[in-house]
>>> print(open('coords-v3.csv').read())   # CSV, C-alpha atoms
chain,number,residue,atom,x,y,z
A,169,MET,CA,0.0,0.0,0.0
A,170,GLY,CA,1.4,3.4,-1.0
A,171,GLU,CA,1.3,6.6,1.0
A,172,PHE,CA,-1.5,8.2,-1.1
A,173,GLU,CA,-3.6,5.1,-1.2
A,174,LEU,CA,-3.2,4.9,2.6
A,175,ILE,CA,-4.4,8.5,2.9
A,176,ARG,CA,-7.4,8.0,0.6
A,177,GLU,CA,-8.4,4.7,2.1
A,178,TYR,CA,-8.2,5.6,5.9
A,179,PHE,CA,-8.2,9.4,6.3
A,180,ALA,CA,-9.7,11.3,3.3
A,181,ARG,CA,-13.0,9.6,3.9
A,182,GLN,CA,-14.4,10.9,7.2
A,183,PRO,CA,-17.7,11.7,8.8
A,184,VAL,CA,-17.3,15.5,9.1
A,185,ARG,CA,-17.5,18.0,6.3
A,186,ARG,CA,-17.4,21.6,7.5
A,187,ALA,CA,-18.6,24.6,5.5
A,188,ASP,CA,-15.6,26.7,6.7
A,189,VAL,CA,-13.2,24.3,5.0
A,190,ALA,CA,-12.7,25.6,1.5
A,191,VAL,CA,-9.9,23.2,0.6
A,192,GLY,CA,-9.2,20.1,2.8
A,193,ILE,CA,-7.2,16.9,2.2
A,194,GLY,CA,-5.7,16.5,-1.2
A,195,ASP,CA,-3.8,19.7,-2.0
A,196,ASP,CA,-0.5,21.3,-0.8
A,197,ALA,CA,-2.3,23.1,2.1
A,198,ALA,CA,-5.7,23.4,3.6
A,199,VAL,CA,-7.7,26.7,2.9
A,200,LEU,CA,-9.9,27.6,5.9
A,201,ASP,CA,-12.4,30.3,6.7
A,202,PRO,CA,-12.3,31.4,10.4
A,203,PRO,CA,-15.4,33.1,11.6
A,204,ALA,CA,-15.6,36.8,12.2
A,205,GLY,CA,-15.2,38.0,15.8
A,206,CYS,CA,-13.2,35.0,16.9
A,207,GLN,CA,-9.6,34.2,17.7
A,208,LEU,CA,-8.0,30.9,16.7
A,209,ALA,CA,-6.8,28.6,19.5
A,210,VAL,CA,-4.2,26.2,18.2
A,211,SER,CA,-2.5,23.3,20.1
A,212,ALA,CA,-0.5,20.3,19.2
A,213,ASP,CA,0.4,17.0,21.0
A,214,MET,CA,2.5,14.1,20.0
A,215,LEU,CA,2.0,10.5,21.3
A,216,VAL,CA,4.9,8.1,21.0
A,217,ALA,CA,4.5,4.3,21.4
A,218,GLY,CA,6.2,3.1,24.5
A,219,VAL,CA,6.2,6.5,26.1
A,220,HIS,CA,2.6,7.7,25.9
A,221,PHE,CA,0.9,4.4,25.4
A,222,PRO,CA,2.1,0.7,25.6
A,223,GLN,CA,3.2,-0.8,22.3
A,224,ASP,CA,0.3,-3.3,22.4
A,225,THR,CA,-2.5,-0.7,22.9
A,226,ALA,CA,-5.5,-1.3,20.7
A,227,PRO,CA,-5.2,0.9,17.6
A,228,ALA,CA,-8.8,2.4,18.1
A,229,ALA,CA,-7.7,3.5,21.6
A,230,VAL,CA,-4.6,5.1,20.2
A,231,GLY,CA,-6.6,7.0,17.6
A,232,TYR,CA,-9.2,8.1,20.2
A,233,LYS,CA,-6.7,9.3,22.8
A,234,ALA,CA,-4.5,11.1,20.2
A,235,LEU,CA,-7.4,13.4,19.4
A,236,ALA,CA,-8.8,13.5,23.0
A,237,VAL,CA,-5.6,15.0,24.5
A,238,ASN,CA,-5.7,17.8,21.9
A,239,LEU,CA,-9.4,18.4,22.5
A,240,SER,CA,-8.6,18.7,26.2
A,241,ASP,CA,-6.1,21.5,25.4
A,242,LEU,CA,-8.9,23.4,23.5
A,243,ALA,CA,-11.3,22.8,26.5
A,244,ALA,CA,-8.8,24.4,28.8
A,245,MET,CA,-8.8,27.5,26.7
A,246,GLY,CA,-12.6,27.6,26.4
A,247,ALA,CA,-12.4,27.1,22.7
A,248,SER,CA,-14.8,25.3,20.3
A,249,PRO,CA,-13.1,22.6,18.1
A,250,ALA,CA,-13.1,23.0,14.3
A,251,TRP,CA,-10.1,21.5,12.4
A,252,PHE,CA,-7.2,19.2,12.9
A,253,THR,CA,-4.2,17.9,11.1
A,254,LEU,CA,-2.6,14.5,11.5
A,255,ASN,CA,1.1,13.6,11.2
A,256,ILE,CA,1.8,9.9,11.7
A,257,SER,CA,4.9,7.7,11.5
A,258,LEU,CA,4.2,4.0,11.0
A,259,PRO,CA,6.6,1.0,11.0
A,260,ARG,CA,4.5,-0.4,8.2
A,261,ALA,CA,1.2,0.1,6.4
A,262,ASP,CA,-0.9,-2.4,8.4
A,263,SER,CA,-4.4,-2.2,7.0
A,264,SER,CA,-6.0,-3.8,10.1
A,265,TRP,CA,-4.1,-1.4,12.4
A,266,LEU,CA,-5.0,1.6,10.3
A,267,GLU,CA,-8.7,0.6,10.1
A,268,GLY,CA,-8.8,0.5,13.9
A,269,PHE,CA,-6.8,3.7,14.4
A,270,SER,CA,-8.9,5.8,12.0
A,271,GLY,CA,-12.1,4.3,13.4
A,272,GLY,CA,-11.1,5.5,16.9
A,273,LEU,CA,-10.0,8.9,15.6
A,274,PHE,CA,-13.2,9.6,13.7
A,275,ALA,CA,-15.5,8.2,16.4
A,276,LEU,CA,-14.3,11.1,18.6
A,277,ALA,CA,-14.0,13.7,15.8
A,278,GLY,CA,-17.7,13.3,14.8
A,279,PRO,CA,-19.5,14.4,17.9
A,280,TYR,CA,-17.3,17.5,18.1
A,281,GLY,CA,-17.7,18.5,14.5
A,282,LEU,CA,-14.0,18.2,13.9
A,283,GLN,CA,-12.7,17.9,10.3
A,284,LEU,CA,-9.3,16.4,9.4
A,285,VAL,CA,-7.9,18.9,6.9
A,286,GLY,CA,-4.3,17.6,6.2
A,287,GLY,CA,-1.1,16.2,7.6
A,288,ASP,CA,1.6,13.8,6.6
A,289,THR,CA,2.5,10.1,6.8
A,290,THR,CA,6.0,8.6,6.9
A,291,ARG,CA,7.7,5.3,7.7
A,292,GLY,CA,9.3,5.1,11.2
A,293,PRO,CA,8.6,4.3,14.8
A,294,LEU,CA,4.9,4.5,15.7
A,295,THR,CA,4.3,8.2,16.5
A,296,VAL,CA,1.1,10.2,16.3
A,297,GLY,CA,1.2,14.0,16.1
A,298,ILE,CA,-2.0,16.1,15.9
A,299,GLN,CA,-2.4,19.8,15.6
A,300,ILE,CA,-5.9,21.1,16.5
A,301,THR,CA,-7.6,24.4,15.9
A,302,GLY,CA,-10.7,25.9,17.5
A,303,PHE,CA,-12.5,29.2,17.9
A,304,VAL,CA,-12.9,31.4,20.9
A,305,PRO,CA,-14.7,34.8,21.0
A,306,SER,CA,-12.1,37.5,20.8
A,307,GLY,CA,-10.7,38.3,24.2
A,308,GLN,CA,-12.5,35.5,26.0
A,309,ALA,CA,-9.9,32.7,26.0
A,310,LEU,CA,-9.2,31.1,29.3
A,311,LEU,CA,-5.6,31.5,30.3
A,312,ARG,CA,-3.3,30.2,33.1
A,313,SER,CA,-2.3,33.6,34.2
A,314,GLY,CA,-5.6,34.9,35.7
A,315,ALA,CA,-5.7,33.3,39.1
A,316,ARG,CA,-6.0,35.8,42.0
A,317,VAL,CA,-5.7,35.5,45.8
A,318,GLY,CA,-9.0,34.4,47.3
A,319,ASP,CA,-10.1,32.5,44.1
A,320,GLY,CA,-11.5,29.0,44.7
A,321,ILE,CA,-9.8,26.1,43.0
A,322,TYR,CA,-12.0,23.5,41.3
A,323,VAL,CA,-11.7,20.4,39.2
A,324,THR,CA,-14.3,18.8,36.8
A,325,GLY,CA,-14.0,15.2,37.8
A,326,PRO,CA,-12.2,12.3,39.6
A,327,LEU,CA,-8.5,12.3,39.7
A,328,GLY,CA,-5.9,9.5,39.7
A,329,ASP,CA,-7.8,6.8,37.8
A,330,ALA,CA,-5.7,7.0,34.7
A,331,ALA,CA,-2.5,6.7,36.8
A,332,LEU,CA,-4.0,3.6,38.5
A,333,GLY,CA,-4.7,2.2,35.0
A,334,LEU,CA,-1.0,2.6,34.1
A,335,MET,CA,0.0,1.1,37.4
A,336,GLY,CA,-2.2,-1.9,36.6
A,337,LEU,CA,-0.6,-2.4,33.2
A,338,GLN,CA,2.8,-2.2,34.7
A,339,GLY,CA,2.0,-4.5,37.6
A,340,GLY,CA,2.3,-1.9,40.2
A,341,VAL,CA,-1.2,-2.5,41.7
A,342,SER,CA,-3.4,-5.6,41.9
A,343,LEU,CA,-6.9,-5.0,40.3
A,344,SER,CA,-10.0,-7.0,39.9
A,345,LYS,CA,-11.4,-7.2,36.3
A,346,ALA,CA,-14.1,-4.6,37.1
A,347,GLN,CA,-11.5,-2.3,38.6
A,348,ARG,CA,-9.1,-2.8,35.7
A,349,ASP,CA,-11.8,-2.2,33.1
A,350,HIS,CA,-12.7,1.1,34.8
A,351,VAL,CA,-9.2,2.5,35.2
A,352,ILE,CA,-7.9,1.3,31.8
A,353,GLY,CA,-11.0,3.0,30.3
A,354,ARG,CA,-10.0,6.2,32.0
A,355,LEU,CA,-6.4,5.9,30.8
A,356,GLU,CA,-7.2,5.0,27.1
A,357,ARG,CA,-10.4,6.9,26.6
A,358,PRO,CA,-10.5,10.2,28.6
A,359,VAL,CA,-13.4,12.5,28.1
A,360,PRO,CA,-12.3,15.9,27.0
A,361,ARG,CA,-14.2,18.6,28.9
A,362,VAL,CA,-15.0,20.7,25.9
A,363,ARG,CA,-18.5,21.7,26.9
A,364,GLU,CA,-17.4,22.6,30.4
A,365,GLY,CA,-14.5,24.7,29.1
A,366,ALA,CA,-16.6,26.7,26.8
A,367,ALA,CA,-19.2,27.3,29.6
A,368,LEU,CA,-16.5,28.6,31.9
A,369,ARG,CA,-15.7,31.6,29.7
A,370,GLY,CA,-16.4,34.7,31.7
A,371,VAL,CA,-16.7,32.6,35.0
A,372,ALA,CA,-13.2,31.1,35.5
A,373,SER,CA,-10.2,33.4,36.1
A,374,ALA,CA,-7.7,30.7,35.0
A,375,CYS,CA,-7.8,27.2,33.7
A,376,ILE,CA,-5.6,24.3,32.7
A,377,ASP,CA,-6.2,20.6,31.8
A,378,ILE,CA,-4.6,18.0,34.0
A,379,SER,CA,-2.3,16.0,31.7
A,380,ASP,CA,0.8,15.7,33.9
A,381,GLY,CA,-0.8,15.5,37.3
A,382,LEU,CA,-2.7,18.0,39.5
A,383,ALA,CA,0.4,19.2,41.4
A,384,ALA,CA,2.4,19.9,38.3
A,385,ASP,CA,-0.4,21.4,36.2
A,386,LEU,CA,-1.8,23.6,39.0
A,387,GLY,CA,1.8,24.7,39.6
A,388,HIS,CA,1.9,26.1,36.0
A,389,VAL,CA,-1.2,28.2,36.8
A,390,LEU,CA,0.4,29.5,40.1
A,391,ALA,CA,3.6,30.3,38.3
A,392,ALA,CA,1.9,32.2,35.5
A,393,SER,CA,-0.4,34.0,38.0
A,394,GLY,CA,2.3,34.9,40.5
A,395,THR,CA,0.4,33.2,43.4
A,396,GLY,CA,0.4,30.2,45.6
A,397,ALA,CA,-2.4,27.8,46.7
A,398,ARG,CA,-3.6,25.5,49.5
A,399,ILE,CA,-5.3,22.2,48.5
A,400,GLU,CA,-7.3,20.1,50.9
A,401,LEU,CA,-6.6,16.5,49.9
A,402,GLU,CA,-9.8,15.2,51.5
A,403,ALA,CA,-11.7,17.4,49.1
A,404,LEU,CA,-10.2,15.7,46.0
A,405,PRO,CA,-12.8,13.8,44.0
A,406,LEU,CA,-11.9,10.1,43.9
A,407,SER,CA,-13.8,7.3,42.2
A,408,PRO,CA,-15.1,4.3,44.1
A,409,VAL,CA,-12.3,2.3,42.6
A,410,TYR,CA,-9.7,4.7,43.8
A,411,GLN,CA,-11.3,4.8,47.2
A,412,SER,CA,-11.1,1.0,47.5
A,413,LEU,CA,-7.4,1.1,46.7
A,414,GLN,CA,-6.4,4.2,48.6
A,415,GLU,CA,-4.9,2.4,51.6
A,416,GLN,CA,-2.6,0.7,49.1
A,417,VAL,CA,-1.7,3.6,46.8
A,418,GLY,CA,-2.1,6.6,49.0
A,419,TRP,CA,-2.6,10.1,47.5
A,420,GLY,CA,0.1,9.8,44.9
A,421,PRO,CA,-1.9,8.9,41.8
A,422,ALA,CA,-4.5,11.6,42.5
A,423,VAL,CA,-1.9,14.3,43.2
A,424,SER,CA,0.9,13.4,40.7
A,425,GLY,CA,-0.6,11.0,38.2
A,426,GLY,CA,-1.1,12.2,34.7
A,427,ASP,CA,-3.6,11.5,31.9
A,428,ASP,CA,-6.8,12.5,33.8
A,429,TYR,CA,-7.6,15.3,31.3
A,430,GLU,CA,-10.0,16.9,33.8
A,431,LEU,CA,-10.0,20.7,34.0
A,432,CYS,CA,-8.5,22.5,37.0
A,433,PHE,CA,-9.7,26.1,37.2
A,434,THR,CA,-10.0,29.1,39.5
A,435,VAL,CA,-13.1,31.2,40.2
A,436,PRO,CA,-13.3,34.6,42.1
A,437,PRO,CA,-15.6,34.8,45.1
A,438,SER,CA,-17.9,37.2,43.2
A,439,ARG,CA,-18.6,34.5,40.6
A,440,GLN,CA,-19.4,31.6,42.9
A,441,SER,CA,-23.2,31.9,42.4
A,442,ARG,CA,-22.7,31.9,38.6
A,443,LEU,CA,-20.6,28.8,38.9
A,444,LYS,CA,-23.3,27.0,40.8
A,445,ALA,CA,-25.9,28.0,38.2
A,446,LEU,CA,-23.5,26.8,35.5
A,447,ALA,CA,-23.0,23.4,37.2
A,448,ASP,CA,-26.8,23.0,37.4
A,449,GLU,CA,-27.2,24.0,33.8
A,450,LEU,CA,-24.6,21.5,32.6
A,451,GLY,CA,-25.9,18.8,34.9
A,452,CYS,CA,-22.5,18.0,36.3
A,453,ARG,CA,-20.7,18.4,39.6
A,454,LEU,CA,-17.7,20.7,40.0
A,455,TRP,CA,-15.5,20.0,43.0
A,456,ARG,CA,-13.9,22.8,45.1
A,457,ILE,CA,-10.5,21.5,46.3
A,458,GLY,CA,-8.8,24.6,47.7
A,459,ALA,CA,-8.0,28.3,47.3
A,460,VAL,CA,-5.5,30.6,45.8
A,461,GLU,CA,-3.2,32.2,48.4
A,462,ALA,CA,-0.6,35.0,48.3
A,463,GLN,CA,2.2,32.9,49.7
A,464,PRO,CA,4.1,31.3,46.8
A,465,GLY,CA,4.1,27.6,46.3
A,466,LEU,CA,1.6,24.8,46.5
A,467,ARG,CA,0.6,23.4,49.9
A,468,LEU,CA,-1.1,20.0,50.0
A,469,ILE,CA,-2.9,19.4,53.3
A,470,GLU,CA,-3.7,15.9,54.5
A,471,PRO,CA,-6.9,15.3,56.5
A,472,SER,CA,-4.8,15.2,59.7
A,473,GLY,CA,-3.6,18.8,59.0
A,474,ALA,CA,0.0,17.6,58.1
A,475,MET,CA,1.7,18.8,54.9
A,476,TYR,CA,1.8,16.2,52.2
A,477,ARG,CA,4.9,16.1,50.0
A,478,PRO,CA,4.6,13.9,46.9
A,479,ASN,CA,7.5,11.7,45.9
A,480,VAL,CA,7.1,12.9,42.3
A,481,PRO,CA,5.5,16.3,41.4
A,482,GLY,CA,4.2,15.1,38.1
A,483,PHE,CA,5.2,13.7,34.7
A,484,ASN,CA,8.2,15.3,32.9
A,485,HIS,CA,9.7,13.9,29.7
A,486,PHE,CA,13.2,15.1,30.5
A,487,SER,CA,13.4,14.8,34.2
A,488,ALA,CA,16.3,12.7,35.6
A,489,PRO,CA,15.4,9.0,36.4
>>> encode(input="coords-v3.csv", output="structure tokens")
Amino acid sequence: MGEFELIREYFARQPVRRADVAVGIGDDAAVLDPPAGCQLAVSADMLVAGVHFPQDTAPAAVGYKALAVNLSDLAAMGASPAWFTLNISLPRADSSWLEGFSGGLFALAGPYGLQLVGGDTTRGPLTVGIQITGFVPSGQALLRSGARVGDGIYVTGPLGDAALGLMGLQGGVSLSKAQRDHVIGRLERPVPRVREGAALRGVASACIDISDGLAADLGHVLAASGTGARIELEALPLSPVYQSLQEQVGWGPAVSGGDDYELCFTVPPSRQSRLKALADELGCRLWRIGAVEAQPGLRLIEPSGAMYRPNVPGFNHFSAP
């Protein structure tokens, strides 16, 4: 199978055709029509086999997650998804693998109205790179730099399950089949909080998605905002599976584990009532886990009142072993 046959067979045929795509796959570049009154939010992520996912991960799960992590970046900016490009390096043109991968990719693209508009394919180690573009009303993008002293700190969902999934795959924790199915599902098929991110425009003062762990990612917000924070660990939302394993795993996966792709955001006291109304409107729960403080640094407080210090602050590609 040649490169162009591969593109035509598995990627040119897709479920979404947007009116704002003047020229899509098949030319030297895409020609796109952004809407008036909006700014473009652009993000990119790369997934490498053996680093971001085990080599034997199902291809549909790889396709789904490759797009999900990019959608999560748009969600953190309060942006609405529109277009994406795909760069993929493959050891070989395996039709069965490509069928599964493209199926997982487009299964997630469809509900969000995302159209694939270009990219590149090459032979090499399995690597998936996606660049995604969305729209946000001018001046309304959610940033990391807006947190202020007194703001509440919130998350959109349970933390640590994806880290437990990875621990299960690596033999670091013993799981029943039901527990394993739950945490592997959270690891391989995270739900990007696009709807919540867009709804938080004008309510949240700062926002980030949790890809490298709560401590690490909230730390980016605090650094950009020039503030500190206090987090009450007993306020962290934990799934029933995590709760059943907490005596064994402690707080580590929830504090430092990556791949949750929940949003962590801050809200000023004056907007608390708007946030409650927003949660009711969305039909979802938003968990307050702490507050922004003037003293620099992140303080993690155990139920006993003692300071918790994680062994690892979060995932870092280039940290020392």
>>> atom_distance(input="coords-v3.csv", atom1="CA of Arg439 (chain A)", atom2="CA of Gly320 (chain A)")
9.9 Å
>>> residues_around(input="coords-v3.csv", residues="region 222-237 of chain A", least_positions_apart="6", cutoff="7 Å", atoms="all atoms listed in the file", output="ChimeraX atom specification")
/A:215,265,268-273,276,296,298,356-360
>>> write_last_selection(input="coords-v3.csv", atoms="C-alpha atoms", output="compact mmCIF listing (two decimals), in the coordinates of the input")
# COMPACT_ATOMS: atom_id res chain seq x y z
CA LEU A 215 2.00 10.50 21.30
CA TRP A 265 -4.10 -1.40 12.40
CA GLY A 268 -8.80 0.50 13.90
CA PHE A 269 -6.80 3.70 14.40
CA SER A 270 -8.90 5.80 12.00
CA GLY A 271 -12.10 4.30 13.40
CA GLY A 272 -11.10 5.50 16.90
CA LEU A 273 -10.00 8.90 15.60
CA LEU A 276 -14.30 11.10 18.60
CA VAL A 296 1.10 10.20 16.30
CA ILE A 298 -2.00 16.10 15.90
CA GLU A 356 -7.20 5.00 27.10
CA ARG A 357 -10.40 6.90 26.60
CA PRO A 358 -10.50 10.20 28.60
CA VAL A 359 -13.40 12.50 28.10
CA PRO A 360 -12.30 15.90 27.00
>>> residues_around(input="coords-v3.csv", residues="Asn238 (chain A)", least_positions_apart="2", cutoff="10 Å", atoms="all atoms listed in the file", output="list in words")
Val210, Ser211, Ala212, Asp213, Met214, Lys233, Ala234, Leu235, Ala236, Ser240, Asp241, Leu242, Ala243, Pro249, Phe252, Gly297, Ile298, Gln299, Ile300, Thr301, Pro360 and Tyr429 of chain A
>>> residues_around(input="coords-v3.csv", residues="Ala244 (chain A)", least_positions_apart="4", cutoff="8 Å", atoms="only C-alpha atoms", output="list in words")
Ser240, Leu310, Leu311, Arg361, Val362, Gly365, Cys375, Ile376, Asp377 and Leu431 of chain A
>>> atom_distance(input="coords-v3.csv", atom1="CA of Ser313 (chain A)", atom2="CA of Lys444 (chain A)")
23.0 Å
>>> closest_residue(input="coords-v3.csv", among="A:Leu332, A:Ala392, A:Leu327, A:Ala372", to="Leu404 (chain A)", atoms="all atoms listed in the file")
A:Leu327
>>> atom_distance(input="coords-v3.csv", atom1="CA of Thr295 (chain A)", atom2="CA of Ala198 (chain A)")
22.3 Å
>>> closest_residue(input="coords-v3.csv", among="A:Asp349, A:Asp329, A:Asp448, A:Asp262", to="Ala422 (chain A)", atoms="only C-alpha atoms")
A:Asp329
>>> closest_residue(input="coords-v3.csv", among="A:Ser248, A:Thr253, A:Gln414, A:Ser342", to="Phe303 (chain A)", atoms="all atoms listed in the file")
A:Ser248
>>> closest_residue(input="coords-v3.csv", among="A:Leu443, A:Ala374, A:Val189, A:Ala383", to="Ala315 (chain A)", atoms="all atoms listed in the file")
A:Ala374
>>> closest_residue(input="coords-v3.csv", among="A:Leu174, A:Leu258, A:Ala247, A:Leu390", to="Ala459 (chain A)", atoms="only C-alpha atoms")
A:Leu390
>>> residues_around(input="coords-v3.csv", residues="Met169 (chain A)", least_positions_apart="2", cutoff="12 Å", atoms="all atoms listed in the file", output="number ranges by chain")
A: 171-178, 260-263, 266
>>> closest_residue(input="coords-v3.csv", among="A:Asp288, A:Glu461, A:Asp385, A:Glu267", to="Arg312 (chain A)", atoms="all atoms listed in the file")
A:Asp385
>>> residues_around(input="coords-v3.csv", residues="Gly318 (chain A)", least_positions_apart="4", cutoff="10 Å", atoms="only C-alpha atoms", output="PyMOL selection string")
chain A and resi 397+434-437+458-462
